[in-house]
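Novice: Okay, so here is upload-v1.txt, and as you'll see once you scroll down, it has compact mmCIF, C-alpha atoms.
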# COMPACT_ATOMS: atom_id res chain seq x y z
CA MET A 5 -54.81 5.07 29.10
CA LYS A 6 -56.10 7.95 26.98
CA ARG A 7 -53.90 9.54 24.35
CA ARG A 8 -53.98 13.01 22.90
CA ILE A 9 -54.42 12.93 19.14
CA GLU A 10 -55.22 15.35 16.36
CA LEU A 11 -57.80 14.40 13.76
CA ARG A 12 -58.47 16.26 10.52
CA ILE A 13 -62.14 15.81 9.65
CA ASN A 14 -63.97 17.68 6.90
CA GLY A 15 -61.13 20.16 6.77
CA GLU A 16 -61.23 20.96 10.50
CA ILE A 17 -58.58 19.99 13.03
CA TYR A 18 -59.88 18.44 16.25
CA GLU A 19 -57.71 17.88 19.31
CA LEU A 20 -59.01 14.93 21.27
CA GLU A 21 -58.21 12.57 24.07
CA VAL A 22 -59.14 9.03 23.15
CA GLU A 23 -58.58 5.51 24.36
CA PRO A 24 -56.66 3.36 21.91
CA ARG A 25 -59.64 1.01 21.62
CA SER A 26 -62.01 3.80 20.44
CA THR A 27 -62.85 3.39 16.78
CA LEU A 28 -62.97 6.30 14.36
CA LEU A 29 -66.70 5.64 14.05
CA LYS A 30 -67.25 6.03 17.77
CA VAL A 31 -65.19 9.22 17.94
CA ILE A 32 -66.96 10.77 14.93
CA ARG A 33 -70.42 10.04 16.28
CA GLU A 34 -70.11 10.24 20.05
CA ILE A 35 -67.33 12.74 20.68
CA LEU A 36 -67.69 15.00 17.65
CA GLY A 37 -71.45 14.61 17.29
CA LEU A 38 -71.20 13.95 13.54
CA THR A 39 -73.99 11.41 13.48
CA GLY A 40 -74.47 11.35 9.73
CA THR A 41 -72.13 8.36 9.63
CA LYS A 42 -74.09 5.35 10.85
CA CYS A 43 -73.25 2.38 13.04
CA GLY A 44 -74.65 -0.83 11.58
CA CYS A 45 -72.83 -4.12 11.98
CA GLU A 46 -69.57 -2.89 13.60
CA ARG A 47 -67.81 -5.66 11.67
CA GLY A 48 -67.02 -4.06 8.34
CA GLU A 49 -69.78 -5.91 6.52
CA CYS A 50 -72.59 -3.40 5.97
CA GLY A 51 -70.77 -0.23 4.94
CA SER A 52 -73.09 2.15 6.78
CA CYS A 53 -70.05 3.55 8.61
CA THR A 54 -68.18 4.37 5.40
CA VAL A 55 -66.10 7.54 5.43
CA LEU A 56 -63.31 8.63 3.12
CA MET A 57 -59.78 8.38 4.48
CA ASN A 58 -57.34 10.19 2.19
CA GLY A 59 -59.94 9.82 -0.54
CA LEU A 60 -60.45 6.08 -0.09
CA PRO A 61 -63.63 4.53 1.31
CA VAL A 62 -63.06 2.72 4.61
CA ASN A 63 -65.24 1.12 7.26
CA SER A 64 -64.71 3.53 10.14
CA CYS A 65 -65.83 0.81 12.56
CA LEU A 66 -62.60 -1.01 11.76
CA VAL A 67 -60.25 1.98 12.02
CA LEU A 68 -58.94 2.91 15.45
CA ALA A 69 -59.13 6.67 15.99
CA VAL A 70 -55.45 6.66 16.90
CA GLU A 71 -54.69 5.14 13.50
CA ALA A 72 -56.50 8.01 11.73
CA GLU A 73 -54.09 10.67 12.94
CA GLY A 74 -52.41 12.40 10.02
CA SER A 75 -55.10 11.38 7.52
CA ASP A 76 -57.75 13.50 5.85
CA ILE A 77 -61.16 12.21 6.86
CA LEU A 78 -64.30 13.17 4.96
CA THR A 79 -67.75 12.36 6.33
CA ILE A 80 -71.18 12.97 4.81
CA GLU A 81 -71.35 16.25 6.69
CA GLY A 82 -68.32 17.43 4.75
CA LEU A 83 -69.93 16.89 1.40
CA SER A 84 -72.26 19.83 1.06
CA LYS A 85 -70.67 23.26 0.73
CA ASP A 86 -72.40 26.26 2.39
CA GLY A 87 -75.74 24.51 2.30
CA THR A 88 -75.42 23.46 -1.34
CA LEU A 89 -75.84 19.74 -1.77
CA HIS A 90 -73.22 17.72 -3.61
CA ILE A 91 -74.45 16.42 -6.96
CA LEU A 92 -74.67 12.89 -5.51
CA GLN A 93 -76.84 14.07 -2.61
CA LYS A 94 -79.05 16.02 -5.03
CA ASN A 95 -79.49 13.06 -7.36
CA PHE A 96 -80.14 10.57 -4.56
CA VAL A 97 -83.05 12.76 -3.49
CA GLU A 98 -84.34 13.38 -7.02
CA TYR A 99 -84.15 9.74 -8.10
CA GLY A 100 -85.86 8.44 -4.97
CA ALA A 101 -82.75 6.48 -4.00
CA ILE A 102 -83.46 7.12 -0.30
CA GLN A 103 -86.10 5.22 1.65
CA CYS A 104 -85.19 4.84 5.30
CA GLY A 105 -81.94 6.69 4.67
CA PHE A 106 -79.76 4.55 6.91
CA CYS A 107 -77.44 3.27 4.19
CA THR A 108 -77.42 6.61 2.39
CA PRO A 109 -74.48 8.44 3.97
CA GLY A 110 -72.16 5.44 3.56
CA MET A 111 -73.49 4.78 0.08
CA ILE A 112 -72.88 8.37 -1.02
CA MET A 113 -69.35 8.44 0.41
CA THR A 114 -68.51 5.25 -1.47
CA ALA A 115 -70.08 6.66 -4.64
CA LYS A 116 -68.06 9.86 -4.28
CA ALA A 117 -64.84 7.84 -4.04
CA LEU A 118 -65.85 5.98 -7.20
CA LEU A 119 -66.64 9.08 -9.23
CA ASP A 120 -63.51 10.84 -8.01
CA THR A 121 -61.40 8.09 -9.60
CA ASN A 122 -63.61 6.78 -12.40
CA HIS A 123 -65.49 9.54 -14.19
CA ARG A 124 -67.52 7.27 -16.44
CA PRO A 125 -68.19 4.00 -14.66
CA THR A 126 -70.35 1.38 -16.32
CA GLU A 127 -73.38 0.08 -14.46
CA GLU A 128 -71.44 -3.10 -13.65
CA GLU A 129 -68.55 -1.07 -12.25
CA VAL A 130 -70.94 0.93 -10.05
CA ARG A 131 -72.60 -2.24 -8.71
CA GLN A 132 -69.21 -3.83 -7.98
CA TYR A 133 -67.90 -0.71 -6.26
CA ILE A 134 -70.91 -0.22 -3.95
CA ALA A 135 -71.06 -3.93 -3.12
CA GLY A 136 -69.75 -3.19 0.37
CA ASN A 137 -72.73 -0.93 1.14
CA PHE A 138 -75.89 -2.82 1.93
CA CYS A 139 -79.38 -1.40 1.44
CA ARG A 140 -82.38 -3.25 2.82
CA CYS A 141 -85.00 -0.94 1.35
CA THR A 142 -84.47 0.13 -2.20
CA GLY A 143 -83.18 -2.87 -4.14
CA TYR A 144 -80.27 -0.68 -5.30
CA ASP A 145 -81.82 0.19 -8.66
CA LYS A 146 -82.41 3.88 -7.99
CA ILE A 147 -79.13 4.13 -6.10
CA VAL A 148 -77.26 2.88 -9.16
CA LYS A 149 -79.23 5.18 -11.49
CA SER A 150 -78.50 8.25 -9.39
CA ILE A 151 -74.79 7.42 -9.27
CA LEU A 152 -74.65 6.90 -13.05
CA SER A 153 -76.48 10.14 -13.65
CA SER A 154 -74.20 11.99 -11.21
CA ALA A 155 -71.23 10.78 -13.22
CA LEU A 156 -72.55 12.65 -16.25
CA GLU A 157 -72.76 15.86 -14.28
CA TYR A 158 -69.50 15.41 -12.36
CA LYS A 159 -66.93 18.20 -12.05
CA MET B 20 -63.58 -4.00 23.05
CA LYS B 21 -61.51 -4.61 26.15
CA GLU B 22 -58.84 -2.00 26.84
CA PHE B 23 -55.38 -2.28 25.41
CA GLU B 24 -52.26 -0.16 25.16
CA TYR B 25 -51.08 1.02 21.76
CA ILE B 26 -47.67 1.73 20.29
CA SER B 27 -46.57 2.60 16.77
CA PRO B 28 -42.84 1.96 16.28
CA ASN B 29 -40.88 3.41 13.39
CA SER B 30 -39.15 0.27 12.20
CA VAL B 31 -39.65 -3.45 11.98
CA GLU B 32 -36.63 -3.95 14.25
CA GLU B 33 -38.28 -1.83 16.90
CA ALA B 34 -41.59 -3.65 16.44
CA VAL B 35 -39.91 -7.05 16.73
CA SER B 36 -38.14 -5.99 19.91
CA ILE B 37 -41.44 -4.81 21.44
CA LEU B 38 -43.11 -8.09 20.47
CA ALA B 39 -40.21 -10.04 21.97
CA SER B 40 -40.74 -8.44 25.36
CA HIS B 41 -44.51 -8.98 25.37
CA GLY B 42 -44.92 -12.40 23.79
CA GLU B 43 -48.48 -13.54 23.19
CA LYS B 44 -49.94 -10.51 24.96
CA ALA B 45 -49.05 -8.22 22.04
CA LYS B 46 -50.60 -8.31 18.57
CA VAL B 47 -49.49 -6.67 15.34
CA LEU B 48 -51.93 -4.21 13.73
CA ALA B 49 -51.71 -3.80 9.97
CA GLY B 50 -55.01 -2.84 8.28
CA GLY B 51 -57.11 -3.93 11.23
CA THR B 52 -59.92 -5.47 9.21
CA ASP B 53 -59.35 -8.89 10.79
CA LEU B 54 -57.70 -7.97 14.08
CA LEU B 55 -60.35 -5.54 15.27
CA ASN B 56 -63.08 -8.06 14.52
CA LEU B 57 -61.27 -10.71 16.54
CA ILE B 58 -60.91 -8.34 19.49
CA SER B 59 -64.54 -7.12 19.28
CA ALA B 60 -65.77 -10.70 19.15
CA GLY B 61 -63.76 -11.51 22.28
CA LYS B 62 -61.70 -14.15 20.48
CA ILE B 63 -58.38 -12.57 21.47
CA PHE B 64 -57.45 -10.24 24.33
CA PRO B 65 -54.23 -8.42 23.52
CA LYS B 66 -52.82 -6.14 26.18
CA LEU B 67 -50.78 -4.24 23.63
CA ILE B 68 -51.35 -3.41 19.98
CA VAL B 69 -48.21 -2.86 17.93
CA SER B 70 -49.22 -0.77 14.95
CA LEU B 71 -47.25 -0.89 11.71
CA ARG B 72 -48.58 2.47 10.57
CA ASN B 73 -45.36 4.43 11.00
CA ILE B 74 -43.15 1.87 9.28
CA GLN B 75 -42.46 3.19 5.79
CA GLN B 76 -41.00 0.00 4.35
CA PHE B 77 -42.70 -3.08 2.90
CA ARG B 78 -45.44 -1.05 1.23
CA GLU B 79 -44.24 -1.53 -2.33
CA ILE B 80 -44.32 -4.12 -5.08
CA LYS B 81 -40.87 -4.39 -6.65
CA LYS B 82 -39.43 -6.43 -9.46
CA GLN B 83 -35.87 -7.61 -8.90
CA ASP B 84 -33.92 -10.17 -10.94
CA GLY B 85 -37.05 -11.65 -12.44
CA SER B 86 -38.88 -12.28 -9.18
CA VAL B 87 -41.35 -9.84 -7.63
CA SER B 88 -41.37 -8.79 -3.98
CA VAL B 89 -44.72 -7.78 -2.55
CA GLY B 90 -44.38 -5.80 0.68
CA ALA B 91 -46.55 -7.48 3.30
CA PHE B 92 -47.92 -4.11 4.42
CA CYS B 93 -49.32 -3.39 0.92
CA THR B 94 -53.07 -3.01 1.07
CA LEU B 95 -55.19 -5.37 -0.99
CA ARG B 96 -56.04 -2.31 -3.07
CA ASP B 97 -52.33 -1.73 -3.72
CA VAL B 98 -52.02 -5.31 -4.93
CA ALA B 99 -55.16 -4.99 -7.08
CA LYS B 100 -53.83 -1.84 -8.70
CA SER B 101 -50.34 -3.18 -9.39
CA GLU B 102 -49.60 -3.51 -13.10
CA VAL B 103 -46.84 -6.06 -12.63
CA ILE B 104 -49.18 -8.30 -10.61
CA ARG B 105 -51.94 -7.91 -13.18
CA ASP B 106 -49.61 -8.68 -16.07
CA GLU B 107 -47.47 -11.45 -14.63
CA TYR B 108 -49.43 -12.97 -11.73
CA GLN B 109 -52.99 -12.53 -12.90
CA ILE B 110 -54.34 -15.21 -10.58
CA LEU B 111 -53.33 -13.09 -7.59
CA HIS B 112 -54.77 -9.95 -9.20
CA ASP B 113 -58.09 -11.78 -9.66
CA ALA B 114 -58.09 -13.25 -6.16
CA VAL B 115 -57.60 -9.99 -4.23
CA GLN B 116 -60.53 -8.37 -6.04
CA GLN B 117 -62.77 -11.04 -4.52
CA ILE B 118 -61.84 -10.19 -0.94
CA GLY B 119 -64.34 -8.25 1.13
CA SER B 120 -65.30 -4.94 -0.39
CA VAL B 121 -63.71 -1.73 -1.61
CA GLN B 122 -63.72 -0.52 1.99
CA ILE B 123 -61.99 -3.63 3.30
CA ARG B 124 -59.41 -3.55 0.51
CA SER B 125 -58.56 0.10 1.28
CA ARG B 126 -57.19 -0.98 4.66
CA GLY B 127 -56.65 -4.76 4.75
CA THR B 128 -53.16 -5.90 3.79
CA ILE B 129 -51.93 -8.95 1.90
CA GLY B 130 -49.68 -9.79 4.85
CA GLY B 131 -52.68 -9.62 7.14
CA ASN B 132 -54.69 -11.93 4.90
CA ILE B 133 -51.90 -14.53 5.20
CA CYS B 134 -51.07 -14.02 8.89
CA ASN B 135 -54.72 -14.09 9.98
CA ALA B 136 -54.53 -17.61 8.52
CA SER B 137 -58.19 -18.20 7.94
CA PRO B 138 -58.39 -21.51 6.05
CA ALA B 139 -60.56 -19.48 3.65
CA ALA B 140 -57.97 -16.75 2.98
CA ASP B 141 -58.41 -15.87 -0.68
CA THR B 142 -54.76 -15.08 -1.36
CA ALA B 143 -53.58 -18.41 0.08
CA ALA B 144 -54.33 -20.89 -2.72
CA PRO B 145 -53.18 -18.49 -5.49
CA LEU B 146 -49.93 -17.78 -3.65
CA ILE B 147 -49.36 -21.50 -3.13
CA VAL B 148 -49.73 -22.33 -6.84
CA LEU B 149 -47.45 -19.42 -7.71
CA GLY B 150 -44.80 -20.96 -5.47
CA ALA B 151 -44.66 -17.85 -3.30
CA GLU B 152 -42.28 -17.51 -0.37
CA ALA B 153 -42.75 -15.71 2.94
CA ILE B 154 -39.90 -13.54 4.21
CA ILE B 155 -40.06 -13.14 7.95
CA GLN B 156 -38.18 -10.86 10.31
CA GLY B 157 -37.55 -11.74 13.94
CA PRO B 158 -35.13 -10.95 16.76
CA ARG B 159 -32.70 -13.55 15.39
CA GLY B 160 -32.77 -12.05 11.90
CA GLU B 161 -34.52 -13.05 8.70
CA ARG B 162 -35.91 -16.41 7.65
CA ARG B 163 -37.91 -17.69 4.70
CA LYS B 164 -40.70 -20.21 4.33
CA PRO B 165 -42.70 -21.35 1.30
CA ILE B 166 -46.26 -20.05 1.68
CA VAL B 167 -47.58 -23.64 1.37
CA ASP B 168 -45.79 -24.41 4.68
CA PHE B 169 -46.73 -21.13 6.36
CA PHE B 170 -50.11 -22.22 7.76
CA THR B 171 -50.48 -24.72 10.58
CA GLU B 172 -54.10 -24.71 11.72
CA PRO B 173 -57.08 -22.35 11.55
CA GLY B 174 -55.85 -18.92 12.63
CA ARG B 175 -52.27 -20.03 13.23
CA THR B 176 -49.03 -19.87 11.29
CA ILE B 177 -45.39 -20.78 11.79
CA LEU B 178 -44.69 -17.24 13.00
CA ASP B 179 -43.34 -16.94 16.53
CA PRO B 180 -45.00 -14.21 18.64
CA ASP B 181 -41.97 -11.97 18.07
CA GLU B 182 -41.85 -12.32 14.28
CA ILE B 183 -43.33 -10.18 11.54
CA LEU B 184 -44.03 -11.19 7.93
CA THR B 185 -42.41 -8.46 5.84
CA THR B 186 -42.45 -9.65 2.24
CA ILE B 187 -44.10 -12.16 -0.05
CA ARG B 188 -41.73 -13.11 -2.85
CA LEU B 189 -43.20 -14.29 -6.12
CA PRO B 190 -40.78 -16.33 -8.23
CA GLU B 191 -40.40 -15.71 -11.94
CA MET B 192 -42.99 -17.81 -13.78
CA LYS B 193 -41.12 -19.45 -16.64
CA GLY B 194 -42.98 -20.43 -19.78
CA LYS B 195 -46.37 -19.19 -20.89
CA GLY B 196 -48.55 -20.45 -18.09
CA ASP B 197 -51.79 -19.16 -16.67
CA GLY B 198 -53.65 -19.42 -13.41
CA LEU B 199 -57.24 -19.39 -12.28
CA TYR B 200 -58.76 -18.99 -8.82
CA ILE B 201 -62.40 -19.93 -8.32
CA LYS B 202 -64.05 -18.72 -5.13
CA LEU B 203 -67.39 -20.34 -4.49
CA GLY B 204 -69.56 -18.03 -2.46
CA ARG B 205 -73.14 -17.10 -1.73
CA ARG B 206 -72.53 -13.57 -2.95
CA ARG B 207 -70.11 -11.86 -5.27
CA THR B 208 -68.70 -9.82 -2.43
CA ILE B 209 -68.38 -9.60 1.38
CA ASP B 210 -68.30 -13.35 1.71
CA LEU B 211 -65.96 -16.01 2.93
CA ALA B 212 -65.29 -18.70 0.35
CA ILE B 213 -67.40 -21.82 0.71
CA VAL B 214 -64.49 -23.44 -1.12
CA GLY B 215 -61.59 -21.98 -3.10
CA VAL B 216 -59.65 -23.74 -5.86
CA ALA B 217 -56.51 -22.37 -7.51
CA VAL B 218 -54.81 -23.94 -10.52
CA TYR B 219 -51.69 -22.84 -12.34
CA MET B 220 -50.84 -24.62 -15.59
CA VAL B 221 -48.29 -24.54 -18.41
CA LEU B 222 -49.00 -26.39 -21.66
CA ARG B 223 -46.31 -27.63 -24.08
CA PRO B 224 -46.60 -25.50 -27.23
CA SER B 225 -45.68 -28.48 -29.47
CA ASN B 226 -48.42 -30.90 -28.49
CA GLY B 227 -50.63 -29.22 -25.88
CA GLU B 228 -49.59 -31.64 -23.14
CA ILE B 229 -49.46 -30.40 -19.55
CA ASP B 230 -45.92 -29.31 -18.89
CA ASP B 231 -46.54 -28.13 -15.34
CA ILE B 232 -49.61 -27.96 -13.13
CA ARG B 233 -50.14 -26.84 -9.56
CA ILE B 234 -53.41 -27.28 -7.67
CA ALA B 235 -54.29 -25.75 -4.30
CA ILE B 236 -57.51 -25.62 -2.32
CA SER B 237 -58.72 -23.38 0.49
CA SER B 238 -61.71 -23.36 2.79
CA ALA B 239 -61.67 -27.15 2.40
CA ALA B 240 -59.28 -28.23 5.17
CA PRO B 241 -57.83 -26.84 8.42
CA LYS B 242 -55.31 -25.02 6.25
CA PRO B 243 -54.85 -24.30 2.55
CA LEU B 244 -53.44 -27.37 0.81
CA ARG B 245 -51.48 -28.16 -2.31
CA ILE B 246 -52.54 -31.47 -3.86
CA PHE B 247 -49.35 -32.99 -5.27
CA ASP B 248 -50.67 -36.42 -6.18
CA ALA B 249 -53.43 -35.00 -8.39
CA GLU B 250 -50.78 -32.86 -10.08
CA SER B 251 -48.52 -35.82 -10.82
CA ILE B 252 -51.15 -37.82 -12.71
CA LEU B 253 -51.66 -34.82 -15.00
CA LYS B 254 -48.04 -33.82 -15.63
CA GLY B 255 -46.75 -34.77 -19.06
CA LYS B 256 -50.20 -35.89 -20.22
CA ALA B 257 -52.76 -34.45 -22.59
CA PRO B 258 -55.54 -32.60 -20.74
CA LYS B 259 -58.27 -35.10 -21.64
CA LYS B 260 -61.60 -34.90 -19.84
CA SER B 261 -61.34 -38.38 -18.33
CA LEU B 262 -57.91 -37.64 -16.86
CA ILE B 263 -59.00 -34.26 -15.53
CA GLU B 264 -61.99 -35.98 -13.89
CA LYS B 265 -59.67 -38.49 -12.25
CA ALA B 266 -57.44 -35.71 -10.92
CA ALA B 267 -60.43 -33.68 -9.70
CA LEU B 268 -61.71 -36.74 -7.85
CA MET B 269 -58.32 -37.05 -6.10
CA VAL B 270 -58.44 -33.39 -5.09
CA GLY B 271 -61.93 -33.86 -3.67
CA GLN B 272 -60.77 -36.91 -1.74
CA ALA B 273 -57.75 -35.04 -0.36
CA SER B 274 -59.94 -32.25 0.99
CA ASP B 275 -61.00 -32.33 4.62
CA PRO B 276 -63.73 -29.70 5.00
CA ILE B 277 -66.07 -29.02 7.88
CA THR B 278 -69.77 -28.34 8.07
CA ASP B 279 -70.52 -24.79 9.14
CA VAL B 280 -73.10 -22.06 8.64
CA ARG B 281 -72.10 -21.61 4.99
CA ALA B 282 -72.16 -25.23 3.77
CA SER B 283 -71.99 -28.89 4.70
CA LYS B 284 -68.78 -30.85 4.44
CA GLU B 285 -70.36 -33.15 1.86
CA TYR B 286 -71.23 -30.21 -0.37
CA ARG B 287 -67.76 -28.74 0.03
CA LYS B 288 -66.07 -32.00 -0.86
CA GLU B 289 -68.22 -32.32 -3.95
CA MET B 290 -67.60 -28.70 -4.97
CA VAL B 291 -63.83 -29.07 -4.59
CA LYS B 292 -64.04 -31.81 -7.23
CA VAL B 293 -66.40 -29.81 -9.49
CA LEU B 294 -64.39 -26.59 -9.28
CA THR B 295 -61.08 -28.36 -9.86
CA MET B 296 -62.51 -29.82 -13.06
CA ARG B 297 -63.90 -26.46 -14.10
CA ALA B 298 -60.65 -24.65 -13.34
CA ILE B 299 -58.49 -27.08 -15.32
CA GLU B 300 -60.90 -27.16 -18.26
CA ASP B 301 -61.25 -23.37 -18.36
CA LEU B 302 -57.50 -22.89 -18.13
CA THR B 303 -56.91 -25.40 -20.91
CA ALA B 304 -59.39 -23.53 -23.11
CA ARG B 305 -57.82 -20.20 -22.20
CA LEU B 306 -54.31 -21.41 -22.95
CA ASN B 307 -55.53 -22.81 -26.28
CA ASN B 308 -57.34 -19.53 -27.03
CA GLU B 309 -60.69 -21.25 -27.10
CA PRO B 310 -63.98 -19.92 -25.66
CA GLN B 311 -64.53 -20.97 -22.03
CA THR B 312 -67.64 -22.33 -20.30
What would you get if you wrote out this structure as structure tokens?

Specialist:
Amino acid sequence: MKRRIELRINGEIYELEVEPRSTLLKVIREILGLTGTKCGCERGECGSCTVLMNGLPVNSCLVLAVEAEGSDILTIEGLSKDGTLHILQKNFVEYGAIQCGFCTPGMIMTAKALLDTNHRPTEEEVRQYIAGNFCRCTGYDKIVKSILSSALEYK
Amino acid sequence: MKEFEYISPNSVEEAVSILASHGEKAKVLAGGTDLLNLISAGKIFPKLIVSLRNIQQFREIKKQDGSVSVGAFCTLRDVAKSEVIRDEYQILHDAVQQIGSVQIRSRGTIGGNICNASPAADTAAPLIVLGAEAIIQGPRGERRKPIVDFFTEPGRTILDPDEILTTIRLPEMKGKGDGLYIKLGRRRTIDLAIVGVAVYMVLRPSNGEIDDIRIAISSAAPKPLRIFDAESILKGKAPKKSLIEKAALMVGQASDPITDVRASKEYRKEMVKVLTMRAIEDLTARLNNEPQT
């Protein structure tokens, strides 16, 4: 049976009717049309569905939409402000850290969570932190470089 | 996923009462990182999900009279960030960092790791060597069980369908001991242990003999095991290589692993022995302030 819930996503309040079994990922993509967040493994292993929930990176494929009520959700769409790219988005482009782009939204959300809490991560800390975001294209090198360089320009 | 109903009670008492009226058809939802996978994979078919999200209690790590109580609903991230766990129960601090990923640890709970009862659960062997105790709430009140006796078979525990694990109590660790958990995996992250070995040891300051030692293995038997007979040949003795080898051999022999997609049982049995040796030797070096391998 569907339930009425309120979700706060990228600063906007959405009133929705969802089944308890609908994941946050499914609601974001299919009901709200925010398809920046990707659906990869649906098992919490690839990280392509990563969004921030109260500032923390989570696999939205493993969060029921009904569980997300009352939390602040940030997706990749919420990162740029009035058309201006976030420093991470800008550096991912400039450093060539994007090939097919499928891992990118999840990767950037995870990187944002890292830089929000650790302003000067070491390379090892970056690699450990993004370990839940898989990339099949780039070999991670440029991804790590763009995150490290974004740290220098953060805030 | 198949359809289910969903309820989020405000207290453990309420949750227990709901579970009591639904029996096996209801499942508790903590972080969801295991439960939702089980449902998606069609391994379980709950008709009702009882979410813990509105229960404010059991989300803290508290020190009281020497022992430390870890709320079962604490996320793995909460445990990883806890200073008292890092300072006094380092083996547990190290083990939780090896679970899943940052994303998994933001949601998954320590209670869930135990109650999901994978034989590979990374908190299991560390909690066993720390002598941890489970505090359980049910319709008939509270009961306690040592974590070593909590698991029965893969995916099952001593919990009745109407019981909830609320707290993991860590006893005060007397003496200057140290613990080490080695997780053998194919990757540094997002991996189930091929085997896991946890050792906790206290050395006598006067002569460096082993005052106390606890050894537990995971992912090497239908449930995590503590290997008492290997411990007893080491207690009161000097940690000499030949003796450690003998004990490690016993641990390997006590293991009962399976062959699966990650490794063969022969490899697992061999690695239990190798990692037990490595863990005891590294701990001995650490406790003697020597460089480790």

Novice: I'd like to know which of B:Ala282, B:Ser40, B:Gly119, B:Lys46 is closest to chain A, using only C-alpha atoms.

Specialist: B:Gly119

Novice: Smallest atom-to-atom distance to Leu119 of chain A: which of A:Val148, A:Ile17, A:Cys139, A:Ala155, using all atoms listed in the file?

Specialist: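 Going through A:Val148, A:Ile17, A:Cys139, A:Ala155 one by one, the smallest distance to Leu119 of chain A is for A:Ala155.
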
Novice: Which polymer residues have any atom within 9 Å of an atom of Ser75 of chain A, counting all atoms listed in the file, with same-chain residues fewer than 2 positions away left out, as number ranges by chain?

Specialist: A: 11-13, 57-58, 71-73, 77

Novice: What does the distance between atom CA of Gly15 of chain A and atom CA of Arg126 of chain B come to in Å, to one decimal place?

Specialist: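 Distance between the two atoms: 21.6 Å.
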
Novice: Dump as a PyMOL selection string the residues of chain B that approach chain A to within 12 Å, counting all atoms listed in the file.

Specialist: chain B and resi 20-27+48-60+64-73+94+96-97+116-127+206-211

Novice: If you count all atoms listed in the file, which residues fall within 10 Å of Leu222 of chain B, apart from same-chain ones fewer than 6 positions away, as JSON, numbers by chain?

Specialist: {"B": [194, 195, 196, 197, 228, 229, 230, 231, 232, 254, 255, 256, 257, 258, 302, 303, 306, 307]}

Novice: Return as AutoDock Vina command-line options the box centre and box size in Å, one decimal, for an axis-aligned box around all listed atoms of segment 280-287 of chain B padded by 4 Å per side.

Specialist:
--center_x -70.4 --center_y -27.4 --center_z 4.1 --size_x 13.3 --size_y 19.5 --size_z 17.0
